[in-house]
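Pasting my_file20.cif here (mmCIF, C-alpha atoms and all ligand atoms):
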```cif
data_structure
loop_
_atom_site.label_atom_id
_atom_site.label_comp_id
_atom_site.auth_asym_id
_atom_site.auth_seq_id
_atom_site.Cartn_x
_atom_site.Cartn_y
_atom_site.Cartn_z
CA MET A 2 -13.45 95.77 58.62
CA ASP A 3 -13.37 92.11 59.61
CA LYS A 4 -10.74 90.43 57.45
CA LYS A 5 -12.54 87.11 57.48
CA ILE A 6 -15.68 88.69 55.97
CA LEU A 7 -13.64 90.09 53.10
CA GLU A 8 -12.09 86.70 52.49
CA LEU A 9 -15.48 85.01 52.48
CA ILE A 10 -16.92 87.53 50.04
CA GLU A 11 -13.98 86.96 47.76
CA LYS A 12 -14.34 83.19 48.02
CA LEU A 13 -18.05 83.47 47.23
CA GLU A 14 -17.35 85.68 44.24
CA ASN A 15 -14.76 83.29 42.85
CA THR A 16 -16.20 79.86 43.67
CA HIS A 17 -19.95 80.61 44.08
CA SER A 18 -19.94 78.36 47.10
CA LEU A 19 -19.34 78.54 50.84
CA THR A 20 -19.64 75.99 53.63
CA LEU A 21 -22.61 76.10 55.98
CA ASP A 22 -20.39 77.60 58.70
CA GLU A 23 -19.12 80.24 56.31
CA TYR A 24 -22.60 81.27 55.21
CA GLU A 25 -23.58 81.51 58.86
CA TYR A 26 -20.54 83.64 59.62
CA LEU A 27 -21.42 86.00 56.79
CA ILE A 28 -24.94 86.43 58.12
CA THR A 29 -24.05 86.74 61.79
CA ASN A 30 -21.31 89.29 61.15
CA LYS A 31 -23.23 91.44 58.69
CA THR A 32 -22.24 95.11 58.77
CA ASP A 33 -23.30 98.04 56.60
CA GLU A 34 -19.87 98.00 55.04
CA ALA A 35 -20.05 94.29 54.18
CA ALA A 36 -23.53 94.84 52.75
CA GLU A 37 -22.25 97.60 50.47
CA ILE A 38 -19.33 95.51 49.24
CA LEU A 39 -21.64 92.58 48.51
CA ALA A 40 -24.20 94.81 46.78
CA GLU A 41 -21.53 96.34 44.58
CA LYS A 42 -20.24 92.94 43.50
CA ALA A 43 -23.78 91.65 43.01
CA ARG A 44 -24.63 94.63 40.77
CA ALA A 45 -21.53 94.03 38.67
CA VAL A 46 -22.31 90.33 38.19
CA ARG A 47 -25.94 91.05 37.38
CA GLU A 48 -24.97 93.68 34.86
CA LYS A 49 -22.56 91.32 33.15
CA HIS A 50 -25.37 88.85 32.39
CA TYR A 51 -28.49 90.99 32.21
CA GLY A 52 -27.27 94.54 31.66
CA LYS A 53 -29.51 97.22 33.13
CA ALA A 54 -32.72 95.36 32.24
CA VAL A 55 -35.41 94.86 34.84
CA TYR A 56 -37.85 92.12 33.87
CA ILE A 57 -41.46 92.56 34.81
CA ARG A 58 -43.90 89.73 35.54
CA GLY A 59 -47.61 90.38 35.62
CA LEU A 60 -48.95 88.81 38.80
CA ILE A 61 -52.49 87.52 38.51
CA GLU A 62 -53.80 86.45 41.91
CA ILE A 63 -56.28 83.87 40.68
CA GLY A 64 -57.90 83.07 44.01
CA ASN A 65 -57.48 83.06 47.78
CA ILE A 66 -59.37 79.89 48.63
CA CYS A 67 -56.88 77.53 50.28
CA LYS A 68 -57.04 74.13 51.88
CA ASN A 69 -53.82 74.75 53.79
CA ASP A 70 -53.36 76.37 57.16
CA CYS A 71 -49.81 77.76 57.02
CA LEU A 72 -49.30 79.65 60.25
CA TYR A 73 -47.85 82.77 58.63
CA CYS A 74 -50.25 83.24 55.74
CA GLY A 75 -53.21 85.60 55.67
CA ILE A 76 -55.22 83.43 53.28
CA ARG A 77 -54.82 80.30 55.44
CA ARG A 78 -57.90 78.12 55.67
CA GLY A 79 -58.46 79.01 59.31
CA ASN A 80 -58.79 82.74 58.71
CA ARG A 81 -62.50 83.42 59.01
CA ASN A 82 -62.03 87.11 58.26
CA CYS A 83 -60.71 86.45 54.79
CA ASP A 84 -63.21 87.33 52.07
CA ARG A 85 -62.76 84.48 49.59
CA TYR A 86 -62.79 84.75 45.79
CA ARG A 87 -61.81 82.82 42.71
CA LEU A 88 -61.31 84.38 39.27
CA THR A 89 -63.03 82.83 36.28
CA GLU A 90 -61.12 81.82 33.18
CA THR A 91 -62.49 84.88 31.40
CA GLU A 92 -61.34 87.18 34.19
CA ILE A 93 -57.84 85.69 34.13
CA LEU A 94 -57.62 86.14 30.36
CA GLU A 95 -58.81 89.75 30.70
CA CYS A 96 -56.01 90.45 33.18
CA ALA A 97 -53.54 89.05 30.66
CA ASP A 98 -54.99 91.23 27.87
CA GLU A 99 -54.43 94.31 29.97
CA GLY A 100 -50.96 93.11 30.90
CA TYR A 101 -49.96 92.40 27.33
CA ASN A 102 -50.89 95.92 26.31
CA LEU A 103 -48.76 97.28 29.14
CA GLY A 104 -45.72 95.37 27.89
CA PHE A 105 -45.81 92.26 30.08
CA ARG A 106 -44.46 89.12 28.41
CA THR A 107 -44.70 86.88 31.47
CA PHE A 108 -47.89 86.15 33.36
CA VAL A 109 -47.71 84.62 36.81
CA MET A 110 -50.82 82.89 38.04
CA GLN A 111 -50.65 82.62 41.81
CA GLY A 112 -53.22 81.39 44.24
CA GLY A 113 -54.20 79.29 47.22
CA GLU A 114 -54.44 75.52 46.97
CA ASP A 115 -57.99 75.36 45.74
CA GLY A 116 -59.47 72.11 44.43
CA SER A 117 -61.27 74.09 41.74
CA PHE A 118 -57.90 74.86 40.19
CA SER A 119 -58.03 71.36 38.76
CA ASP A 120 -55.66 70.14 36.07
CA GLU A 121 -58.49 70.57 33.61
CA PHE A 122 -59.15 74.19 34.60
CA MET A 123 -55.48 75.18 34.76
CA CYS A 124 -54.55 73.44 31.50
CA SER A 125 -57.41 75.14 29.71
CA VAL A 126 -56.32 78.60 30.90
CA ILE A 127 -52.67 77.89 30.09
CA LYS A 128 -53.53 76.71 26.56
CA LYS A 129 -55.71 79.73 25.90
CA LEU A 130 -53.05 82.11 27.19
CA LYS A 131 -50.34 80.50 25.08
CA ALA A 132 -52.53 80.39 21.97
CA LYS A 133 -53.40 84.07 22.26
CA TYR A 134 -49.94 85.19 23.35
CA PRO A 135 -47.37 82.75 21.96
CA ASP A 136 -44.63 85.26 22.70
CA CYS A 137 -45.35 85.16 26.44
CA ALA A 138 -44.16 82.92 29.25
CA VAL A 139 -46.61 81.47 31.74
CA THR A 140 -45.52 80.98 35.33
CA LEU A 141 -47.53 79.10 37.93
CA SER A 142 -47.48 79.50 41.70
CA ILE A 143 -50.28 77.28 42.90
CA GLY A 144 -48.59 75.10 45.47
CA GLU A 145 -47.98 71.40 45.91
CA ARG A 146 -49.40 68.92 43.40
CA SER A 147 -48.62 65.42 42.20
CA ARG A 148 -45.89 64.79 39.65
CA GLU A 149 -48.55 63.76 37.12
CA SER A 150 -50.36 67.04 37.64
CA TYR A 151 -47.17 69.08 37.16
CA GLU A 152 -46.49 67.09 33.99
CA LYS A 153 -49.92 67.96 32.60
CA LEU A 154 -49.43 71.64 33.35
CA PHE A 155 -46.05 71.57 31.64
CA THR A 156 -47.42 69.78 28.61
CA ALA A 157 -50.23 72.35 28.40
CA GLY A 158 -47.54 74.99 27.96
CA ALA A 159 -46.61 76.40 31.37
CA ASP A 160 -42.97 77.48 31.32
CA ARG A 161 -42.08 78.22 34.92
CA PHE A 162 -43.17 77.33 38.43
CA LEU A 163 -42.60 79.13 41.70
CA LEU A 164 -42.74 77.07 44.86
CA ARG A 165 -40.85 78.56 47.75
CA HIS A 166 -39.25 75.93 49.92
CA GLU A 167 -40.03 78.31 52.86
CA THR A 168 -37.13 76.95 54.95
CA ALA A 169 -34.51 74.30 54.28
CA ASP A 170 -34.61 73.05 57.88
CA LYS A 171 -37.16 70.33 58.55
CA GLU A 172 -37.74 71.22 62.20
CA HIS A 173 -38.16 74.87 61.34
CA TYR A 174 -40.55 73.90 58.53
CA GLU A 175 -42.68 72.08 61.08
CA LYS A 176 -42.91 75.18 63.25
CA LEU A 177 -44.27 77.23 60.35
CA HIS A 178 -46.78 74.69 59.06
CA PRO A 179 -49.56 72.46 60.38
CA LYS A 180 -48.76 68.79 60.66
CA GLU A 181 -50.60 67.84 57.44
CA LEU A 182 -47.90 69.63 55.47
CA SER A 183 -44.52 68.01 55.11
CA PHE A 184 -41.08 69.33 54.41
CA ASP A 185 -40.23 66.18 52.47
CA ASN A 186 -43.19 66.59 50.14
CA ARG A 187 -42.39 70.24 49.46
CA MET A 188 -38.82 69.29 48.56
CA GLU A 189 -40.07 66.38 46.43
CA CYS A 190 -42.35 68.79 44.54
CA LEU A 191 -39.41 71.10 43.82
CA LYS A 192 -37.32 68.21 42.57
CA ASN A 193 -40.16 67.03 40.31
CA LEU A 194 -40.76 70.49 38.87
CA LYS A 195 -37.13 70.86 37.93
CA GLU A 196 -36.89 67.37 36.44
CA ILE A 197 -40.01 67.91 34.35
CA GLY A 198 -38.35 70.92 32.79
CA PHE A 199 -39.97 73.95 34.40
CA GLN A 200 -37.77 76.95 35.07
CA THR A 201 -38.15 76.45 38.79
CA GLY A 202 -38.13 78.94 41.63
CA CYS A 203 -37.64 78.23 45.31
CA GLY A 204 -37.33 80.78 48.10
CA PHE A 205 -38.02 81.68 51.69
CA MET A 206 -39.16 84.40 54.05
CA VAL A 207 -36.51 86.46 55.80
CA GLY A 208 -37.11 86.81 59.53
CA SER A 209 -39.87 84.23 59.76
CA PRO A 210 -40.71 83.16 63.33
CA PHE A 211 -38.09 80.89 64.95
CA GLN A 212 -35.63 81.45 62.09
CA THR A 213 -31.98 81.42 63.15
CA ASN A 214 -28.89 82.43 61.21
CA ARG A 215 -28.10 78.73 60.93
CA HIS A 216 -31.43 78.22 59.20
CA ILE A 217 -30.67 80.99 56.72
CA ALA A 218 -27.26 79.43 56.09
CA LYS A 219 -29.06 76.18 55.28
CA ASP A 220 -31.39 78.05 52.91
CA LEU A 221 -28.38 79.46 51.08
CA LYS A 222 -26.69 76.06 50.90
CA PHE A 223 -29.91 74.56 49.57
CA ILE A 224 -30.20 77.28 46.93
CA GLU A 225 -26.58 76.72 45.97
CA GLU A 226 -27.04 72.98 45.51
CA PHE A 227 -30.54 72.93 44.02
CA ARG A 228 -29.56 75.39 41.31
CA PRO A 229 -33.01 76.95 40.80
CA GLN A 230 -33.54 79.27 37.83
CA MET A 231 -35.44 81.71 40.08
CA CYS A 232 -35.49 82.52 43.76
CA GLY A 233 -38.06 84.57 45.65
CA ILE A 234 -37.14 85.98 49.02
CA GLY A 235 -38.90 88.66 50.99
CA PRO A 236 -39.30 89.69 54.61
CA PHE A 237 -41.86 87.89 56.74
CA ILE A 238 -44.62 90.37 57.58
CA PRO A 239 -47.18 89.46 60.24
CA HIS A 240 -50.86 89.23 59.37
CA LYS A 241 -53.30 90.16 62.12
CA ASP A 242 -55.55 87.14 61.63
CA THR A 243 -52.85 84.47 61.87
CA PRO A 244 -51.15 82.74 64.83
CA PHE A 245 -47.99 84.74 64.02
CA ARG A 246 -49.70 88.12 64.40
CA ASP A 247 -47.38 89.21 67.22
CA TYR A 248 -44.07 88.14 65.73
CA PRO A 249 -41.76 90.86 64.42
CA ALA A 250 -41.33 91.40 60.68
CA GLY A 251 -38.10 90.61 58.87
CA THR A 252 -35.98 93.53 57.70
CA ALA A 253 -35.28 95.06 54.31
CA GLU A 254 -31.57 95.23 55.23
CA MET A 255 -31.19 91.50 55.79
CA THR A 256 -33.34 90.72 52.74
CA CYS A 257 -31.11 92.87 50.51
CA TYR A 258 -27.95 91.43 52.03
CA LEU A 259 -29.22 87.95 51.14
CA LEU A 260 -30.24 89.03 47.63
CA SER A 261 -26.63 90.07 47.03
CA ILE A 262 -25.31 86.76 48.35
CA ILE A 263 -27.74 84.78 46.19
CA ARG A 264 -26.71 86.78 43.11
CA LEU A 265 -23.09 85.82 43.81
CA ILE A 266 -23.99 82.15 44.34
CA HIS A 267 -25.85 81.99 41.02
CA PRO A 268 -24.79 84.88 38.78
CA LYS A 269 -27.56 84.24 36.23
CA ILE A 270 -30.46 83.56 38.58
CA LEU A 271 -33.73 85.43 38.07
CA LEU A 272 -34.14 87.24 41.34
CA PRO A 273 -37.20 89.35 42.15
CA ALA A 274 -37.29 92.40 44.38
CA THR A 275 -40.53 91.24 45.99
CA THR A 276 -43.73 93.03 46.92
CA ALA A 277 -43.04 92.17 50.58
CA LEU A 278 -39.70 94.02 50.31
CA GLY A 279 -41.52 97.03 48.85
CA THR A 280 -44.06 96.81 51.65
CA ILE A 281 -41.62 96.70 54.57
CA MET A 282 -39.61 99.68 53.33
CA ASN A 283 -40.35 102.70 51.17
CA GLY A 284 -38.25 102.21 48.06
CA GLY A 285 -37.59 98.60 49.09
CA ARG A 286 -37.90 97.22 45.57
CA GLU A 287 -35.41 99.78 44.28
CA LYS A 288 -33.03 98.83 47.08
CA GLY A 289 -33.53 95.19 46.07
CA ILE A 290 -32.59 95.96 42.47
CA LEU A 291 -29.52 97.84 43.71
CA SER A 292 -28.61 94.76 45.75
CA GLY A 293 -28.57 92.43 42.74
CA ALA A 294 -32.22 91.60 41.97
CA ASN A 295 -33.39 91.83 38.34
CA VAL A 296 -37.13 91.10 38.39
CA VAL A 297 -40.23 92.85 39.73
CA MET A 298 -43.74 91.47 39.76
CA PRO A 299 -46.37 94.19 39.52
CA ASN A 300 -49.94 93.26 40.29
CA LEU A 301 -52.30 92.63 37.36
CA SER A 302 -55.18 91.31 39.45
CA PRO A 303 -58.52 93.08 39.11
CA VAL A 304 -58.55 95.98 41.59
CA SER A 305 -61.75 94.53 43.05
CA VAL A 306 -59.89 91.51 44.48
CA ARG A 307 -56.57 93.12 45.41
CA LYS A 308 -57.42 93.65 49.06
CA LYS A 309 -58.67 90.10 49.37
CA TYR A 310 -55.34 88.55 48.41
CA MET A 311 -53.79 89.75 51.65
CA LEU A 312 -50.95 87.40 52.55
CA TYR A 313 -49.68 89.87 55.15
CA ASN A 314 -50.68 93.27 56.49
CA GLY A 315 -49.99 96.47 54.62
CA LYS A 316 -49.38 94.89 51.19
CA ILE A 317 -48.60 97.70 48.73
CA SER A 318 -50.41 98.83 45.60
CA THR A 319 -53.69 97.20 46.54
CA GLY A 320 -55.50 100.20 45.07
CA ASP A 321 -53.45 101.07 41.99
CA GLU A 322 -54.50 100.30 38.47
CA ALA A 323 -51.89 98.11 36.79
CA ALA A 324 -51.08 100.77 34.21
CA GLU A 325 -50.33 103.33 36.89
CA ALA A 326 -48.21 100.90 38.86
CA VAL A 327 -46.11 99.97 35.82
CA ASN A 328 -45.63 103.61 34.90
CA ASN A 329 -44.43 104.51 38.38
CA LEU A 330 -42.20 101.49 38.51
CA ALA A 331 -40.60 102.31 35.16
CA LYS A 332 -39.92 105.85 36.39
CA SER A 333 -38.44 104.80 39.71
CA MET A 334 -36.23 102.20 38.02
CA LYS A 335 -35.03 104.76 35.52
CA LYS A 336 -34.10 107.07 38.38
CA ILE A 337 -31.68 104.49 39.76
CA GLY A 338 -30.24 103.70 36.33
CA PHE A 339 -32.27 100.63 35.34
CA GLU A 340 -34.74 99.98 32.56
CA VAL A 341 -38.01 98.08 32.68
CA VAL A 342 -38.12 96.03 29.47
CA THR A 343 -40.76 94.26 27.38
CA ASP A 344 -39.25 90.80 27.28
CA ARG A 345 -40.03 87.27 28.44
CA GLY A 346 -36.87 87.50 30.51
CA ASP A 347 -35.97 83.83 30.47
CA PHE A 348 -33.18 82.31 32.49
CA LYS A 349 -29.92 82.58 30.55
CA LYS A 350 -28.22 79.21 30.35
N1 LIG B 401 -50.12 78.62 47.50
C1 LIG B 401 -48.91 78.97 46.79
C2 LIG B 401 -48.63 80.44 46.82
C3 LIG B 401 -48.31 80.93 48.20
S1 LIG B 401 -48.26 82.68 48.42
C4 LIG B 401 -47.77 78.14 47.33
O1 LIG B 401 -47.96 77.41 48.29
O2 LIG B 401 -46.69 78.19 46.77
C5 LIG B 401 -46.60 83.00 47.96
C6 LIG B 401 -45.60 83.18 49.08
O3 LIG B 401 -45.97 84.25 49.93
C7 LIG B 401 -45.42 82.03 50.02
O4 LIG B 401 -44.65 81.02 49.47
C8 LIG B 401 -44.80 82.69 51.25
O5 LIG B 401 -43.38 82.54 51.26
C9 LIG B 401 -45.17 84.15 51.09
N2 LIG B 401 -45.93 84.61 52.28
C10 LIG B 401 -47.05 84.07 52.81
N3 LIG B 401 -47.39 84.70 53.95
C11 LIG B 401 -46.46 85.66 54.15
C12 LIG B 401 -46.24 86.63 55.17
N4 LIG B 401 -47.04 86.72 56.24
N5 LIG B 401 -45.16 87.46 55.04
C13 LIG B 401 -44.35 87.37 53.97
N6 LIG B 401 -44.50 86.47 53.00
C14 LIG B 401 -45.54 85.62 53.08
#
```

Take the structure from the file and write it as structure tokens.
Ligand code: SAH
Amino acid sequence: MDKKILELIEKLENTHSLTLDEYEYLITNKTDEAAEILAEKARAVREKHYGKAVYIRGLIEIGNICKNDCLYCGIRRGNRNCDRYRLTETEILECADEGYNLGFRTFVMQGGEDGSFSDEFMCSVIKKLKAKYPDCAVTLSIGERSRESYEKLFTAGADRFLLRHETADKEHYEKLHPKELSFDNRMECLKNLKEIGFQTGCGFMVGSPFQTNRHIAKDLKFIEEFRPQMCGIGPFIPHKDTPFRDYPAGTAEMTCYLLSIIRLIHPKILLPATTALGTIMNGGREKGILSGANVVMPNLSPVSVRKKYMLYNGKISTGDEAAEAVNNLAKSMKKIGFEVVTDRGDFKK
């Protein structure tokens, strides 16, 4: 076993910080043994703050109409084969009703950047959700908006916002996005969200096209310094109707290795074992939990739209009823010694 790796893991555990070069070294020299040591430490830290609880978030995919043309994403504007939909307010509230009965106390509304998801529309849904379910948290994942818009959503009652930074390297960002989208604006949005008071989540894809270990090191350094309350990472998975159709997918192994590192950087962070991780590997979400994650986000969208919200090929549980999915999840978590709980699962300060 490389002595330097052991030293770096120890430094990370004790100081929650490494230099860019050190993060890169940790990634480049990853071995199964290093992964196991990191996972073990990550589990211990996670358990100290969150016990054996696994928080569930009910994901409501509110629509796949998008004005953006991100090169990796299956619901990009340019994909003519994507069958577009948008849920109505009533449909969204019905998803939440079902979710509440299944024990969900967080609802995540995610969707493409669709002009119809105006401040007026979103604020109305948020207010209705919060009035009906005051014991629930509302999370949004609806992309880049103005500071004023984010303020309105927050005032209406939204608690959290997920906006992956996608990559912390500007040049890399420009290779993954069309020129209308800017790295600086994405970062500005994240800064605004956090300042406004949202529990804020950033994140990135593991193994996205052109990604180097240096880029990942920068992602980790960014996460360290930005201090998000949540962080979503999952493997890149190609979608057949995008320009990145022929690029290889990221791996579950690297994703889990990074989950462990992120847990050690921010011991209390809310860290999901993502759907993409469960898609790339059988039992991927369980492996994610065993690597230090503490959140899973089962799908609450109406079964009729599941297949339409196809960000990448092979996305799991596109046919399952929510109830069935939650049941199976609870069982598989129990098997590995964890417990799905009915709880808002807020960030612990
Ligand atoms: N429009 C919202 C939600 C985007 S979808 C927003 O801009 O934030 C949520 C996340 O799915 C994205 O941030 C991206 O990181 C991830 N994603 C998109 N396409 C993917 C793919 N092909 N493989 C893996 N993850 C993907």

Around ligand LIG 401 (chain B), out to 7 Å and counting all atoms listed in the file, which residues are there? I want them as a compact mmCIF listing (two decimals) with C-alpha atoms, in the frame of the given file.
```txt
# COMPACT_ATOMS: atom_id res chain seq x y z
CA TYR A 73 -47.85 82.77 58.63
CA CYS A 74 -50.25 83.24 55.74
CA GLY A 75 -53.21 85.60 55.67
CA GLN A 111 -50.65 82.62 41.81
CA GLY A 112 -53.22 81.39 44.24
CA GLY A 113 -54.20 79.29 47.22
CA GLU A 114 -54.44 75.52 46.97
CA SER A 142 -47.48 79.50 41.70
CA ILE A 143 -50.28 77.28 42.90
CA GLY A 144 -48.59 75.10 45.47
CA GLU A 145 -47.98 71.40 45.91
CA LEU A 163 -42.60 79.13 41.70
CA LEU A 164 -42.74 77.07 44.86
CA ARG A 165 -40.85 78.56 47.75
CA GLU A 167 -40.03 78.31 52.86
CA PHE A 205 -38.02 81.68 51.69
CA MET A 206 -39.16 84.40 54.05
CA GLY A 235 -38.90 88.66 50.99
CA PRO A 236 -39.30 89.69 54.61
CA PHE A 237 -41.86 87.89 56.74
CA ILE A 238 -44.62 90.37 57.58
CA PRO A 239 -47.18 89.46 60.24
CA HIS A 240 -50.86 89.23 59.37
CA ALA A 277 -43.04 92.17 50.58
CA LEU A 312 -50.95 87.40 52.55
CA TYR A 313 -49.68 89.87 55.15
```

Could you check which of A:Pro299, A:Gly320, A:Gly279, A:Pro268 is closest to A:Lys49, using only C-alpha atoms? A:Pro268

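For the residues A:Asn193, A:Gln200, A:Asn80, A:Thr89, ranking by smallest atom-to-atom distance to A:Val139 using all atoms listed in the file places A:Gln200 first.
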
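Using only C-alpha atoms, the residues found no farther than 7 Å from A:Ala40, other than those of its own chain fewer than 2 positions away, are Ala36, Glu37, Ile38, Lys42, Ala43, Arg44, Ser261, Leu291, Ser292 and Gly293 of chain A.
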
Serialized selection, C-alpha atoms, as a PDB file, in the frame of the given file:
```pdb
ATOM      1  CA  ALA A  36     -23.530  94.840  52.750  1.00  0.00           C
ATOM      2  CA  GLU A  37     -22.250  97.600  50.470  1.00  0.00           C
ATOM      3  CA  ILE A  38     -19.330  95.510  49.240  1.00  0.00           C
ATOM      4  CA  LYS A  42     -20.240  92.940  43.500  1.00  0.00           C
ATOM      5  CA  ALA A  43     -23.780  91.650  43.010  1.00  0.00           C
ATOM      6  CA  ARG A  44     -24.630  94.630  40.770  1.00  0.00           C
ATOM      7  CA  SER A 261     -26.630  90.070  47.030  1.00  0.00           C
ATOM      8  CA  LEU A 291     -29.520  97.840  43.710  1.00  0.00           C
ATOM      9  CA  SER A 292     -28.610  94.760  45.750  1.00  0.00           C
ATOM     10  CA  GLY A 293     -28.570  92.430  42.740  1.00  0.00           C
TER      11      GLY A 293
END
```

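The spacing separating atom CA of A:Ala132 from atom CA of A:Phe105 amounts to 15.9 Å.
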
Near-A:Ala218 list (10 Å; all atoms listed in the file; drop same-chain fewer than 5 positions) as an NGL selection string: :A and (19-29 or 169-170 or 213 or 223-224)

Env of A:Ile263: 9 Å cut, atoms = only C-alpha atoms, seq-sep filter 3 positions within chain, self excluded. Answer as a PyMOL selection string. chain A and resi 43+221+224-225+232+258-260+266-268+270+272+293

Within 8 Å of (-44.0, 89.5, 44.2), all atoms listed in the file: residues as a PyMOL selection string? chain A and resi 60+233+273-277+297-299

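Near A:Lys349, within 9 Å and counting all atoms listed in the file, sit His50, Tyr51, Gln230, Lys269, Ile270, Leu271, Gly346 and Asp347 of chain A, not including residues fewer than 2 positions from it in the same chain.
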
Students should find that atom CA of A:Ile10 and atom CA of A:Arg47 are spaced 15.9 Å

Give me the residues near stretch 173-183 of chain A as a list in words, where near means some atom within 10 Å (using only C-alpha atoms) and where sequence neighbours in that chain fewer than 2 positions away do not count. Asn69, Asp70, Cys71, Leu72, Tyr73, Cys74, Glu145, His166, Glu167, Thr168, Ala169, Asp170, Lys171, Asp185, Asn186, Arg187, Met188, Glu189, Ser209, Pro210, Phe211, Gln212, Thr213, His216, Pro244 and Phe245 of chain A

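Reported to one decimal place, the separation of atom CA of A:Glu48 from atom CA of A:Lys31 is 24.0 Å.
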
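Across A:Tyr101, A:Phe118, A:Tyr86, A:Tyr56, the tightest approach to A:Tyr310 is made by A:Tyr86 when counting all atoms listed in the file.
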
Padding 6 Å on each side, edges along x, y and z: where is the centre of the box around the listed atoms of stretch 57-63 of chain A, and how long are its edges in Å to one decimal? Output it as lines of an AutoDock Vina configuration file.
```
center_x = -48.9
center_y = 88.2
center_z = 38.4
size_x = 26.8
size_y = 20.7
size_z = 19.1
```

So which residues are close to (-30.2, 105.4, 41.2), meaning at most 10 Å away in the file's coordinates with all atoms listed in the file counted, and can you show them as an NGL selection string? :A and (287-288 or 290-291 or 333-339)
